[in-house]
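> My structure is in target_15.cif, and what it holds is mmCIF, C-alpha atoms (C1' of nucleotides):
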```
data_entry
#
loop_
_atom_site.label_atom_id
_atom_site.label_comp_id
_atom_site.auth_asym_id
_atom_site.auth_seq_id
_atom_site.Cartn_x
_atom_site.Cartn_y
_atom_site.Cartn_z
CA MET A 1 2.45 35.16 -3.63
CA MET A 2 6.17 35.73 -3.40
CA PHE A 3 8.47 33.28 -1.70
CA LEU A 4 11.31 34.76 0.34
CA GLY A 5 13.80 33.67 2.94
CA GLU A 6 15.93 30.72 3.84
CA TYR A 7 14.96 28.08 6.40
CA GLU A 8 16.77 25.09 7.80
CA TYR A 9 14.99 21.83 8.48
CA ARG A 10 15.78 18.25 9.06
CA LEU A 11 14.54 15.36 6.97
CA ASP A 12 12.73 12.98 9.29
CA GLN A 13 13.11 9.22 9.21
CA LYS A 14 10.27 8.88 6.76
CA GLY A 15 11.68 11.29 4.22
CA ARG A 16 9.42 14.23 5.03
CA VAL A 17 10.45 17.87 5.13
CA ALA A 18 8.60 20.84 6.61
CA ILE A 19 7.46 23.73 4.46
CA PRO A 20 7.95 27.20 6.03
CA PRO A 21 4.75 28.09 7.89
CA LYS A 22 4.23 31.36 6.06
CA SER A 23 4.14 29.54 2.73
CA ARG A 24 1.85 26.71 3.69
CA GLY A 25 -1.29 28.51 2.70
CA ASP A 26 -0.06 28.81 -0.87
CA PHE A 27 0.04 25.03 -1.18
CA GLN A 28 -3.49 24.32 0.01
CA ASP A 29 -4.46 23.09 -3.47
CA GLY A 30 -1.39 20.92 -3.77
CA ILE A 31 2.33 21.18 -4.19
CA VAL A 32 4.29 20.06 -7.24
CA VAL A 33 7.87 19.10 -6.54
CA THR A 34 10.21 18.50 -9.41
CA ARG A 35 13.79 18.39 -10.51
CA GLY A 36 15.44 21.79 -10.63
CA TYR A 37 18.75 22.85 -12.04
CA ASP A 38 21.97 22.43 -10.06
CA ASN A 39 20.76 19.45 -8.04
CA CYS A 40 17.99 21.13 -6.14
CA ILE A 41 14.30 20.31 -5.89
CA VAL A 42 11.83 22.96 -7.02
CA ALA A 43 8.37 23.32 -5.50
CA TYR A 44 5.57 25.06 -7.37
CA THR A 45 2.06 25.87 -6.28
CA ALA A 46 -0.62 23.98 -8.15
CA ALA A 47 -1.58 27.08 -10.11
CA THR A 48 1.97 27.91 -11.13
CA TRP A 49 2.59 24.35 -12.22
CA ASP A 50 -0.54 24.23 -14.32
CA ARG A 51 0.69 27.24 -16.27
CA LEU A 52 4.09 25.70 -16.84
CA ALA A 53 2.65 22.33 -17.86
CA GLU A 54 0.49 24.03 -20.49
CA GLU A 55 3.56 25.48 -22.13
CA TYR A 56 5.49 22.26 -22.17
CA ALA A 57 2.58 20.18 -23.40
CA SER A 58 2.31 22.44 -26.43
CA LEU A 59 5.76 21.44 -27.68
CA PRO A 60 5.69 19.30 -30.85
CA GLY A 61 5.67 15.53 -30.15
CA THR A 62 7.36 14.72 -33.43
CA ASP A 63 10.69 16.29 -32.54
CA GLN A 64 13.02 14.05 -30.59
CA GLY A 65 14.44 16.91 -28.55
CA ALA A 66 11.02 18.09 -27.52
CA ARG A 67 10.02 14.56 -26.59
CA ARG A 68 13.02 14.27 -24.32
CA VAL A 69 12.30 17.55 -22.62
CA ASN A 70 8.72 16.50 -22.04
CA ARG A 71 9.83 13.21 -20.60
CA LEU A 72 12.17 14.89 -18.20
CA VAL A 73 9.80 17.64 -17.14
CA PHE A 74 6.74 15.51 -16.52
CA SER A 75 8.40 12.37 -15.21
CA SER A 76 10.36 14.39 -12.68
CA ALA A 77 7.29 16.09 -11.29
CA PHE A 78 5.13 14.81 -8.45
CA ARG A 79 1.86 16.37 -7.40
CA LEU A 80 1.49 15.97 -3.66
CA ASN A 81 -0.24 17.45 -0.67
CA LEU A 82 1.07 18.80 2.58
CA ASP A 83 0.05 16.79 5.61
CA ARG A 84 -1.86 18.43 8.43
CA LEU A 85 1.42 19.60 9.94
CA GLY A 86 2.68 21.28 6.82
CA ARG A 87 5.15 18.63 5.71
CA VAL A 88 5.67 16.94 2.37
CA GLY A 89 7.23 13.56 1.67
CA LEU A 90 9.95 13.83 -0.94
CA PRO A 91 9.78 11.10 -3.59
CA THR A 92 12.87 8.91 -3.70
CA PRO A 93 14.05 9.88 -7.20
CA LEU A 94 14.10 13.53 -6.23
CA ARG A 95 15.77 12.90 -2.91
CA ASP A 96 18.50 10.98 -4.68
CA TYR A 97 18.93 13.67 -7.30
CA ALA A 98 19.24 16.43 -4.71
CA GLN A 99 21.47 14.31 -2.47
CA ILE A 100 19.23 14.99 0.50
CA ASP A 101 19.54 12.72 3.49
CA ASP A 102 19.50 14.79 6.68
CA GLU A 103 19.95 18.56 6.81
CA VAL A 104 17.82 20.53 4.39
CA VAL A 105 17.54 24.16 3.37
CA VAL A 106 14.28 25.51 1.99
CA ALA A 107 14.74 28.77 0.12
CA GLY A 108 12.18 31.15 -1.30
CA VAL A 109 13.05 32.14 -4.84
CA GLY A 110 10.23 34.42 -5.93
CA ARG A 111 7.65 32.31 -7.73
CA HIS A 112 8.83 29.01 -6.31
CA LEU A 113 10.58 27.33 -3.41
CA GLU A 114 13.83 25.44 -3.69
CA ILE A 115 14.80 22.51 -1.48
CA TRP A 116 18.50 21.84 -1.06
CA SER A 117 20.73 19.56 0.89
CA LYS A 118 22.58 21.82 3.28
CA GLU A 119 25.98 20.79 1.98
CA LEU A 120 25.13 21.68 -1.59
CA TRP A 121 23.40 24.87 -0.46
CA VAL A 122 26.48 26.12 1.34
CA ARG A 123 28.63 25.41 -1.66
CA GLU A 124 26.10 27.02 -3.97
CA ARG A 125 25.93 30.12 -1.83
CA GLU A 126 29.63 30.73 -2.23
CA LEU A 127 29.11 30.61 -5.97
CA MET A 128 26.14 32.93 -5.62
CA GLU A 129 28.19 35.45 -3.74
CA ASP A 130 31.00 35.36 -6.29
CA GLN A 131 28.44 35.81 -9.02
CA ALA A 132 26.71 38.57 -7.14
CA SER A 133 29.81 40.69 -6.88
CA GLU A 134 30.26 40.40 -10.61
CA ILE A 135 26.68 41.42 -11.17
CA ALA A 136 27.17 44.28 -8.74
CA GLN A 137 29.86 45.61 -11.01
CA GLY A 138 27.37 45.61 -13.81
CA LEU A 139 24.81 47.35 -11.65
CA THR A 140 27.08 50.22 -10.61
CA SER A 141 28.30 50.66 -14.14
CA GLY A 142 24.71 50.87 -15.30
CA THR A 143 24.63 47.87 -17.60
CA LEU A 144 21.97 46.02 -15.66
CA SER A 145 20.31 48.62 -13.45
CA ARG A 146 16.75 49.91 -13.44
CA MET B 1 -5.82 14.15 -16.32
CA MET B 2 -2.12 14.81 -16.32
CA PHE B 3 0.36 12.01 -15.86
CA LEU B 4 3.40 12.81 -13.77
CA GLY B 5 6.19 11.08 -11.91
CA GLU B 6 8.47 8.14 -12.24
CA TYR B 7 7.79 4.76 -10.64
CA GLU B 8 9.78 1.56 -10.50
CA TYR B 9 8.14 -1.80 -10.81
CA ARG B 10 9.05 -5.34 -11.54
CA LEU B 11 7.60 -7.44 -14.33
CA ASP B 12 6.08 -10.51 -12.72
CA GLN B 13 6.48 -14.03 -14.03
CA LYS B 14 3.40 -13.65 -16.20
CA GLY B 15 4.53 -10.52 -17.93
CA ARG B 16 2.33 -8.10 -16.01
CA VAL B 17 3.29 -4.66 -14.82
CA ALA B 18 1.59 -2.43 -12.26
CA ILE B 19 0.16 0.96 -13.20
CA PRO B 20 0.76 3.73 -10.63
CA PRO B 21 -2.22 3.84 -8.27
CA LYS B 22 -2.96 7.50 -8.88
CA SER B 23 -3.42 6.83 -12.59
CA ARG B 24 -5.55 3.72 -12.40
CA GLY B 25 -8.81 5.59 -12.39
CA ASP B 26 -7.99 7.10 -15.76
CA PHE B 27 -7.86 3.64 -17.32
CA GLN B 28 -11.22 2.39 -16.07
CA ASP B 29 -12.55 2.35 -19.63
CA GLY B 30 -9.51 0.55 -20.96
CA ILE B 31 -5.85 1.09 -21.68
CA VAL B 32 -4.25 1.15 -25.10
CA VAL B 33 -0.59 0.17 -25.16
CA THR B 34 1.41 0.66 -28.29
CA ARG B 35 4.86 1.15 -29.70
CA GLY B 36 6.37 4.49 -28.78
CA TYR B 37 9.43 6.30 -30.00
CA ASP B 38 12.87 5.47 -28.63
CA ASN B 39 12.07 1.86 -27.66
CA CYS B 40 9.46 2.54 -25.06
CA ILE B 41 5.86 1.44 -24.73
CA VAL B 42 3.23 4.17 -24.67
CA ALA B 43 -0.04 3.83 -22.79
CA TYR B 44 -3.06 5.95 -23.64
CA THR B 45 -6.41 6.19 -21.96
CA ALA B 46 -9.29 4.90 -24.05
CA ALA B 47 -10.50 8.43 -24.69
CA THR B 48 -7.11 9.74 -25.75
CA TRP B 49 -6.58 6.78 -28.03
CA ASP B 50 -9.94 7.24 -29.69
CA ARG B 51 -9.01 10.80 -30.57
CA LEU B 52 -5.65 9.74 -31.96
CA ALA B 53 -7.16 6.89 -33.95
CA GLU B 54 -9.61 9.30 -35.55
CA GLU B 55 -6.76 11.43 -36.75
CA TYR B 56 -4.77 8.55 -38.18
CA ALA B 57 -7.77 6.94 -39.81
CA SER B 58 -8.56 10.16 -41.62
CA LEU B 59 -5.25 10.11 -43.46
CA PRO B 60 -5.65 9.47 -47.19
CA GLY B 61 -5.51 5.75 -48.07
CA THR B 62 -4.09 6.55 -51.46
CA ASP B 63 -0.78 7.72 -50.07
CA GLN B 64 1.72 4.95 -49.46
CA GLY B 65 3.37 6.76 -46.55
CA ALA B 66 0.02 7.17 -44.84
CA ARG B 67 -0.78 3.49 -45.39
CA ARG B 68 2.47 2.50 -43.77
CA VAL B 69 1.93 4.80 -40.83
CA ASN B 70 -1.52 3.32 -40.37
CA ARG B 71 -0.21 -0.21 -40.49
CA LEU B 72 2.40 0.51 -37.85
CA VAL B 73 0.16 2.52 -35.58
CA PHE B 74 -2.81 0.20 -35.55
CA SER B 75 -1.04 -3.13 -35.67
CA SER B 76 1.18 -2.13 -32.77
CA ALA B 77 -1.69 -1.12 -30.54
CA PHE B 78 -3.49 -3.36 -28.09
CA ARG B 79 -6.63 -2.39 -26.24
CA LEU B 80 -6.56 -4.03 -22.83
CA ASN B 81 -7.95 -3.71 -19.35
CA LEU B 82 -6.33 -3.42 -15.98
CA ASP B 83 -7.01 -6.33 -13.69
CA ARG B 84 -8.59 -5.75 -10.31
CA LEU B 85 -5.19 -4.99 -8.82
CA GLY B 86 -4.28 -2.34 -11.33
CA ARG B 87 -1.94 -4.36 -13.51
CA VAL B 88 -1.74 -4.86 -17.26
CA GLY B 89 -0.21 -7.75 -19.18
CA LEU B 90 2.22 -6.50 -21.79
CA PRO B 91 1.81 -8.19 -25.19
CA THR B 92 4.94 -10.04 -26.27
CA PRO B 93 5.70 -7.93 -29.37
CA LEU B 94 5.76 -4.80 -27.28
CA ARG B 95 7.78 -6.39 -24.53
CA ASP B 96 10.36 -7.44 -27.09
CA TYR B 97 10.44 -4.04 -28.72
CA ALA B 98 11.00 -2.28 -25.40
CA GLN B 99 13.49 -4.90 -24.21
CA ILE B 100 11.58 -5.38 -21.01
CA ASP B 101 12.27 -8.48 -18.98
CA ASP B 102 12.53 -7.63 -15.31
CA GLU B 103 12.94 -4.10 -13.95
CA VAL B 104 10.50 -1.56 -15.36
CA VAL B 105 10.06 2.19 -15.07
CA VAL B 106 6.65 3.72 -15.60
CA ALA B 107 6.85 7.44 -16.32
CA GLY B 108 4.13 10.05 -16.57
CA VAL B 109 4.61 12.24 -19.63
CA GLY B 110 1.63 14.59 -19.57
CA ARG B 111 -1.06 13.09 -21.76
CA HIS B 112 0.27 9.54 -21.67
CA LEU B 113 2.34 7.05 -19.70
CA GLU B 114 5.56 5.52 -20.92
CA ILE B 115 6.82 2.07 -19.93
CA TRP B 116 10.56 1.51 -20.11
CA SER B 117 13.06 -1.14 -19.24
CA LYS B 118 15.09 0.33 -16.43
CA GLU B 119 18.37 -0.01 -18.32
CA LEU B 120 17.10 1.95 -21.29
CA TRP B 121 15.44 4.49 -19.02
CA VAL B 122 18.66 5.27 -17.21
CA ARG B 123 20.45 5.73 -20.51
CA GLU B 124 17.64 7.87 -21.87
CA ARG B 125 17.66 10.10 -18.82
CA GLU B 126 21.22 11.16 -19.48
CA LEU B 127 20.19 12.18 -22.96
CA MET B 128 17.20 14.04 -21.51
CA GLU B 129 19.43 16.03 -19.21
CA ASP B 130 21.73 17.02 -22.05
CA GLN B 131 18.74 18.08 -24.07
CA ALA B 132 17.29 20.04 -21.17
CA SER B 133 20.37 22.14 -20.67
CA GLU B 134 20.23 23.09 -24.33
CA ILE B 135 16.62 24.08 -23.98
CA ALA B 136 17.52 26.04 -20.88
CA GLN B 137 19.42 28.34 -23.16
CA GLY B 138 16.19 28.89 -25.03
CA LEU B 139 14.32 29.54 -21.81
CA THR B 140 16.57 32.37 -20.75
CA SER B 141 16.35 33.86 -24.20
CA GLY B 142 12.60 34.15 -23.73
CA THR B 143 11.20 31.45 -26.01
CA LEU B 144 9.31 29.69 -23.29
CA SER B 145 9.68 31.78 -20.19
CA ARG B 146 7.22 33.72 -18.09
"C1'" DT C 1 5.86 34.59 32.02
"C1'" DA C 2 2.33 32.16 29.98
"C1'" DA C 3 0.34 30.55 25.84
"C1'" DA C 4 0.41 29.44 21.26
"C1'" DA C 5 2.71 27.51 17.47
"C1'" DT C 6 6.22 24.78 15.35
"C1'" DG C 7 9.80 20.99 14.74
"C1'" DT C 8 10.49 16.19 15.36
"C1'" DG C 9 9.45 11.47 16.31
"C1'" DG C 10 6.57 7.35 16.35
"C1'" DG C 11 2.47 4.11 16.12
"C1'" DG C 12 -1.19 1.91 13.59
"C1'" DA C 13 -4.43 1.32 9.86
"C1'" DC C 14 -4.52 0.94 5.25
"C1'" DT C 15 -2.94 0.58 0.63
"C1'" DA C 16 -0.05 -1.28 -2.67
"C1'" DG C 17 3.54 -4.75 -4.66
"C1'" DT C 18 4.42 -9.40 -5.62
"C1'" DG C 19 3.63 -14.27 -6.20
"C1'" DG C 20 0.72 -18.23 -7.11
"C1'" DG C 21 -3.51 -21.27 -8.20
"C1'" DG C 22 -7.38 -22.51 -10.98
"C1'" DA C 23 -10.76 -21.93 -14.66
"C1'" DA C 24 -11.73 -20.60 -19.21
"C1'" DA C 25 -10.23 -19.89 -23.88
"C1'" DA C 26 -7.40 -20.54 -27.68
"C1'" DG C 27 -4.07 -23.03 -30.46
"C1'" DT C 28 -2.44 -27.51 -32.32
"C1'" DG C 29 -2.44 -32.06 -33.97
"C1'" DG C 30 -4.77 -36.18 -34.84
"C1'" DC D 1 -14.62 -32.46 -35.88
"C1'" DC D 2 -12.72 -33.77 -31.59
"C1'" DA D 3 -9.23 -34.16 -27.97
"C1'" DC D 4 -5.31 -32.62 -25.85
"C1'" DT D 5 -2.04 -29.09 -24.65
"C1'" DT D 6 -0.82 -24.53 -23.79
"C1'" DT D 7 -1.71 -19.97 -22.82
"C1'" DT D 8 -4.33 -16.30 -20.99
"C1'" DC D 9 -7.11 -14.28 -17.64
"C1'" DC D 10 -9.32 -13.74 -13.19
"C1'" DC D 11 -9.19 -14.44 -8.39
"C1'" DC D 12 -6.99 -14.63 -3.87
"C1'" DA D 13 -3.17 -14.48 -0.23
"C1'" DC D 14 0.79 -12.62 1.87
"C1'" DT D 15 4.16 -9.13 2.80
"C1'" DA D 16 6.06 -4.68 2.84
"C1'" DG D 17 5.81 -0.02 2.30
"C1'" DT D 18 3.09 4.26 2.71
"C1'" DC D 19 0.17 7.55 4.64
"C1'" DC D 20 -2.48 9.61 8.31
"C1'" DC D 21 -2.95 10.59 12.88
"C1'" DC D 22 -1.39 11.89 17.43
"C1'" DA D 23 2.09 13.05 21.17
"C1'" DC D 24 5.91 15.46 23.01
"C1'" DA D 25 9.34 18.98 23.43
"C1'" DT D 26 11.32 23.08 21.99
"C1'" DT D 27 10.87 27.60 20.23
"C1'" DT D 28 8.54 31.77 19.33
"C1'" DT D 29 5.18 35.36 20.45
"C1'" DA D 30 2.10 38.17 22.92
#
```
Can you give me the file's structure in the form of C-alpha cells?

Amino acid sequence: MMFLGEYEYRLDQKGRVAIPPKSRGDFQDGIVVTRGYDNCIVAYTAATWDRLAEEYASLPGTDQGARRVNRLVFSSAFRLNLDRLGRVGLPTPLRDYAQIDDEVVVAGVGRHLEIWSKELWVRERELMEDQASEIAQGLTSGTLSR
Amino acid sequence: MMFLGEYEYRLDQKGRVAIPPKSRGDFQDGIVVTRGYDNCIVAYTAATWDRLAEEYASLPGTDQGARRVNRLVFSSAFRLNLDRLGRVGLPTPLRDYAQIDDEVVVAGVGRHLEIWSKELWVRERELMEDQASEIAQGLTSGTLSR
DNA sequence: TAAAATGTGGGGACTAGTGGGGAAAAGTGG
DNA sequence: CCACTTTTCCCCACTAGTCCCCACATTTTA
C-alpha cells in the first residue's frame, strides 16, 4: 500500500470529499482523518493508525508535555467510513483547520493521504519546489544520495 | 475501545452534558468522572476506573504523600450512569473545578474522555500546538518515528 | 462508439441535541 | 420523629442535523 498522485475534487454541500478510486480499497476497514502539519488533513488506513496510536498511548501520562501531545493527537482524529460511493464526510473541526470550503486536493504521500484546500496546496507546492531544488543540490553533491 | 475526536455540546439547565454517541456503549456499565489535570474533567469507563483504583489503593497507607493522593483521587471521583439519552449530570464540585457553565467540549484522548469548558479548551489547544511542534523535532530525530 | 465507472447533487429516514415535566429521594427545620 | 422544601433523577416531546440511499451527467476505458 503506497499512496501516490494528486487529485482534484470538490467539497459537496454536505461537506463530503471523494477519495481517489485506486485508494478506496485500502480504507475498507475504516479511515482515520486527523490534523496534519501545515494546515492539511491527514488520512490513515485503520491499520496504520492503530500502529501510530499504540506509540502515542505509551507516552507517560504524568508529564504535562506528553499529556498535551496526547490530547492533540487523539482529539484531532476521527475514525470514519467511506460511503458506498467512496466519499468521506470531513468533521467540522478539521475542515476549519484546513480552511477547506470548496476546491480540494487529495495527495498521496506514501503511507498516508493528505487533503488540502486548493489555495493552500498551490502555495505549498511553490514552497515544495523551492525546497526541492535545494535538496537537489544536496543530491548531486552526494550529501543525501543513495 | 479508543476514544477519539472533539465534540461540542451545551450544558443544559440541569447541568447535564451529552456523551458522543459512538462512545456511549463503552459506558453501559457506568461512567466515572473525576478531576483531571489542567482544569478538565476526566471520564473513565467502569472497567478502566476499576483498574486505576486498584493501583491507587495498593499504595502504602503509611506514606503521607500516598494518603493525600488517595484522598484527592477518590474524593474527586463520582460513579454515575448515563441516562437513556446518553447524558451525564456533572457533579457541582467538578463543574466548578473545570469552570463549566455553558459551552462544553468533549474530547477523546485514547483511554479516556476529557470534558472541558470551551474557553479553556481553546486556550489549551494553542498550548498543545506549541508542544506538538517541539515533539515534531523529536519525531524527525527518530524517537517516535516509523 | 458503446459501455462502464466516476463526480456531483439531492431526497428521505433516522439519529441525535436540547428543553421541560413529574415523581422519587434527600436535606432541613420544626 | 414528622412535615415541608428542595434537589435529583427518569421519562417524554420537539427540532435540527446527520447519514444512507439513489439518480443524473460527465468522464474515462475498452
> Only residues of chain D matter here; which ones have an atom within 12 Å of chain B, counting only C-alpha atoms (C1' of nucleotides)? Give them as a VMD selection string.
chain D and resid 7 to 12
> Could you give me chain A least-squares fitted onto chain B (all C-alpha atoms, paired in order), as an mmCIF file with C-alpha atoms, keeping the file's coordinate frame?

```
data_model
loop_
_atom_site.group_PDB
_atom_site.id
_atom_site.type_symbol
_atom_site.label_atom_id
_atom_site.label_comp_id
_atom_site.auth_asym_id
_atom_site.auth_seq_id
_atom_site.Cartn_x
_atom_site.Cartn_y
_atom_site.Cartn_z
ATOM 1 C CA MET A 1 -6.161 13.929 -16.098
ATOM 2 C CA MET A 2 -2.461 14.650 -16.071
ATOM 3 C CA PHE A 3 0.106 11.934 -15.601
ATOM 4 C CA LEU A 4 3.129 12.812 -13.478
ATOM 5 C CA GLY A 5 5.953 11.067 -11.709
ATOM 6 C CA GLU A 6 8.267 8.151 -12.142
ATOM 7 C CA TYR A 7 7.702 4.721 -10.598
ATOM 8 C CA GLU A 8 9.762 1.570 -10.546
ATOM 9 C CA TYR A 9 8.180 -1.842 -10.884
ATOM 10 C CA ARG A 10 9.146 -5.333 -11.698
ATOM 11 C CA LEU A 11 7.746 -7.395 -14.534
ATOM 12 C CA ASP A 12 6.310 -10.558 -13.033
ATOM 13 C CA GLN A 13 6.793 -14.017 -14.481
ATOM 14 C CA LYS A 14 3.684 -13.686 -16.581
ATOM 15 C CA GLY A 15 4.695 -10.447 -18.234
ATOM 16 C CA ARG A 16 2.463 -8.145 -16.202
ATOM 17 C CA VAL A 17 3.386 -4.704 -14.926
ATOM 18 C CA ALA A 18 1.642 -2.578 -12.304
ATOM 19 C CA ILE A 19 0.157 0.790 -13.158
ATOM 20 C CA PRO A 20 0.730 3.521 -10.520
ATOM 21 C CA PRO A 21 -2.241 3.473 -8.142
ATOM 22 C CA LYS A 22 -3.083 7.129 -8.628
ATOM 23 C CA SER A 23 -3.528 6.583 -12.358
ATOM 24 C CA ARG A 24 -5.594 3.438 -12.230
ATOM 25 C CA GLY A 25 -8.886 5.238 -12.183
ATOM 26 C CA ASP A 26 -8.115 6.851 -15.523
ATOM 27 C CA PHE A 27 -7.938 3.434 -17.161
ATOM 28 C CA GLN A 28 -11.271 2.101 -15.938
ATOM 29 C CA ASP A 29 -12.625 2.094 -19.506
ATOM 30 C CA GLY A 30 -9.550 0.393 -20.876
ATOM 31 C CA ILE A 31 -5.920 1.051 -21.563
ATOM 32 C CA VAL A 32 -4.318 1.209 -24.999
ATOM 33 C CA VAL A 33 -0.651 0.326 -25.063
ATOM 34 C CA THR A 34 1.334 0.935 -28.188
ATOM 35 C CA ARG A 35 4.753 1.474 -29.623
ATOM 36 C CA GLY A 36 6.270 4.813 -28.702
ATOM 37 C CA TYR A 37 9.347 6.534 -29.982
ATOM 38 C CA ASP A 38 12.798 5.684 -28.628
ATOM 39 C CA ASN A 39 11.938 2.108 -27.681
ATOM 40 C CA CYS A 40 9.374 2.815 -25.031
ATOM 41 C CA ILE A 41 5.770 1.695 -24.703
ATOM 42 C CA VAL A 42 3.099 4.387 -24.555
ATOM 43 C CA ALA A 43 -0.156 3.944 -22.653
ATOM 44 C CA TYR A 44 -3.218 6.019 -23.481
ATOM 45 C CA THR A 45 -6.590 6.143 -21.814
ATOM 46 C CA ALA A 46 -9.421 4.834 -23.941
ATOM 47 C CA ALA A 47 -10.710 8.345 -24.562
ATOM 48 C CA THR A 48 -7.340 9.733 -25.587
ATOM 49 C CA TRP A 49 -6.750 6.830 -27.927
ATOM 50 C CA ASP A 50 -10.110 7.224 -29.593
ATOM 51 C CA ARG A 51 -9.223 10.805 -30.467
ATOM 52 C CA LEU A 52 -5.874 9.810 -31.898
ATOM 53 C CA ALA A 53 -7.325 6.913 -33.890
ATOM 54 C CA GLU A 54 -9.844 9.262 -35.505
ATOM 55 C CA GLU A 55 -7.046 11.410 -36.836
ATOM 56 C CA TYR A 56 -5.037 8.554 -38.217
ATOM 57 C CA ALA A 57 -8.012 6.829 -39.793
ATOM 58 C CA SER A 58 -8.723 9.977 -41.778
ATOM 59 C CA LEU A 59 -5.424 9.728 -43.655
ATOM 60 C CA PRO A 60 -5.819 8.828 -47.352
ATOM 61 C CA GLY A 61 -5.637 5.059 -48.037
ATOM 62 C CA THR A 62 -4.340 5.567 -51.548
ATOM 63 C CA ASP A 63 -0.976 6.965 -50.513
ATOM 64 C CA GLN A 64 1.645 4.361 -49.739
ATOM 65 C CA GLY A 65 3.217 6.425 -46.978
ATOM 66 C CA ALA A 66 -0.084 6.922 -45.245
ATOM 67 C CA ARG A 67 -0.853 3.226 -45.528
ATOM 68 C CA ARG A 68 2.412 2.381 -43.835
ATOM 69 C CA VAL A 69 1.806 4.802 -41.017
ATOM 70 C CA ASN A 70 -1.641 3.360 -40.476
ATOM 71 C CA ARG A 71 -0.261 -0.136 -40.421
ATOM 72 C CA LEU A 72 2.304 0.766 -37.840
ATOM 73 C CA VAL A 73 0.000 2.796 -35.632
ATOM 74 C CA PHE A 74 -2.893 0.368 -35.491
ATOM 75 C CA SER A 75 -0.989 -2.903 -35.561
ATOM 76 C CA SER A 76 1.206 -1.755 -32.699
ATOM 77 C CA ALA A 77 -1.720 -0.873 -30.484
ATOM 78 C CA PHE A 78 -3.473 -3.215 -28.073
ATOM 79 C CA ARG A 79 -6.635 -2.360 -26.202
ATOM 80 C CA LEU A 80 -6.528 -4.063 -22.830
ATOM 81 C CA ASN A 81 -7.920 -3.847 -19.346
ATOM 82 C CA LEU A 82 -6.261 -3.624 -15.985
ATOM 83 C CA ASP A 83 -6.838 -6.632 -13.775
ATOM 84 C CA ARG A 84 -8.435 -6.220 -10.374
ATOM 85 C CA LEU A 85 -5.031 -5.416 -8.899
ATOM 86 C CA GLY A 86 -4.218 -2.667 -11.334
ATOM 87 C CA ARG A 87 -1.823 -4.579 -13.563
ATOM 88 C CA VAL A 88 -1.668 -4.956 -17.320
ATOM 89 C CA GLY A 89 -0.103 -7.758 -19.333
ATOM 90 C CA LEU A 90 2.265 -6.400 -21.946
ATOM 91 C CA PRO A 91 1.853 -8.040 -25.359
ATOM 92 C CA THR A 92 4.972 -9.825 -26.561
ATOM 93 C CA PRO A 93 5.680 -7.613 -29.592
ATOM 94 C CA LEU A 94 5.738 -4.537 -27.402
ATOM 95 C CA ARG A 95 7.823 -6.162 -24.715
ATOM 96 C CA ASP A 96 10.371 -7.142 -27.326
ATOM 97 C CA TYR A 97 10.392 -3.684 -28.852
ATOM 98 C CA ALA A 98 10.934 -1.985 -25.499
ATOM 99 C CA GLN A 99 13.488 -4.585 -24.403
ATOM 100 C CA ILE A 100 11.611 -5.147 -21.168
ATOM 101 C CA ASP A 101 12.358 -8.288 -19.227
ATOM 102 C CA ASP A 102 12.648 -7.468 -15.525
ATOM 103 C CA GLU A 103 12.995 -3.958 -14.114
ATOM 104 C CA VAL A 104 10.523 -1.427 -15.442
ATOM 105 C CA VAL A 105 10.008 2.300 -15.073
ATOM 106 C CA VAL A 106 6.562 3.807 -15.535
ATOM 107 C CA ALA A 107 6.688 7.539 -16.165
ATOM 108 C CA GLY A 108 3.900 10.073 -16.373
ATOM 109 C CA VAL A 109 4.296 12.294 -19.402
ATOM 110 C CA GLY A 110 1.295 14.601 -19.311
ATOM 111 C CA ARG A 111 -1.422 13.070 -21.462
ATOM 112 C CA HIS A 112 0.025 9.577 -21.436
ATOM 113 C CA LEU A 113 2.170 7.123 -19.520
ATOM 114 C CA GLU A 114 5.417 5.689 -20.791
ATOM 115 C CA ILE A 115 6.742 2.251 -19.878
ATOM 116 C CA TRP A 116 10.485 1.745 -20.112
ATOM 117 C CA SER A 117 13.007 -0.904 -19.342
ATOM 118 C CA LYS A 118 15.068 0.509 -16.513
ATOM 119 C CA GLU A 119 18.311 0.245 -18.442
ATOM 120 C CA LEU A 120 17.000 2.260 -21.355
ATOM 121 C CA TRP A 121 15.326 4.722 -18.993
ATOM 122 C CA VAL A 122 18.565 5.486 -17.199
ATOM 123 C CA ARG A 123 20.349 6.023 -20.463
ATOM 124 C CA GLU A 124 17.505 8.150 -21.774
ATOM 125 C CA ARG A 125 17.505 10.289 -18.669
ATOM 126 C CA GLU A 126 21.107 11.266 -19.211
ATOM 127 C CA LEU A 127 20.133 12.419 -22.674
ATOM 128 C CA MET A 128 17.159 14.251 -21.216
ATOM 129 C CA GLU A 129 19.347 16.099 -18.790
ATOM 130 C CA ASP A 130 21.823 17.106 -21.485
ATOM 131 C CA GLN A 131 18.933 18.293 -23.594
ATOM 132 C CA ALA A 132 17.364 20.092 -20.688
ATOM 133 C CA SER A 133 20.406 22.207 -20.019
ATOM 134 C CA GLU A 134 20.401 23.268 -23.635
ATOM 135 C CA ILE A 135 16.750 24.158 -23.419
ATOM 136 C CA ALA A 136 17.448 26.019 -20.198
ATOM 137 C CA GLN A 137 19.795 28.248 -22.117
ATOM 138 C CA GLY A 138 16.980 29.043 -24.458
ATOM 139 C CA LEU A 139 14.654 29.732 -21.566
ATOM 140 C CA THR A 140 16.945 32.215 -19.820
ATOM 141 C CA SER A 141 17.706 33.945 -23.071
ATOM 142 C CA GLY A 142 13.996 34.286 -23.699
ATOM 143 C CA THR A 143 13.725 32.278 -26.892
ATOM 144 C CA LEU A 144 11.383 29.681 -25.467
ATOM 145 C CA SER A 145 9.929 31.221 -22.318
ATOM 146 C CA ARG A 146 6.359 32.165 -21.479
#
```
> Give me, as an NGL selection string, the contact residues of chain B against chain A at a cut-off of 7 Å, counting only C-alpha atoms.
:B and (4-6 or 107-110 or 128 or 131-132)
> Grab the CA of Ser58 (chain A) to CA of Met2 (chain B) distance for me, in Å with one decimal place.
13.4 Å
> Any chance you could work out the residue set of the PyMOL selection byres ((chain C) within 9 of (chain A)) here, as a list of chain:residue names?
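Applied to this file, the PyMOL selection byres ((chain C) within 9 of (chain A)) selects C:DT6, C:DG7, C:DT8, C:DG9.
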> Which residues are close to DC19 (chain D), i.e. within 12 Å by all atoms listed in the file, leaving aside same-chain residues fewer than 6 positions away? Reply as a list of chain:residue names.
A:Lys14, A:Arg16, A:Leu80, A:Asn81, A:Leu82, A:Asp83, A:Arg84, A:Val88, A:Gly89, C:DG12, C:DA13, C:DC14, C:DT15, C:DA16
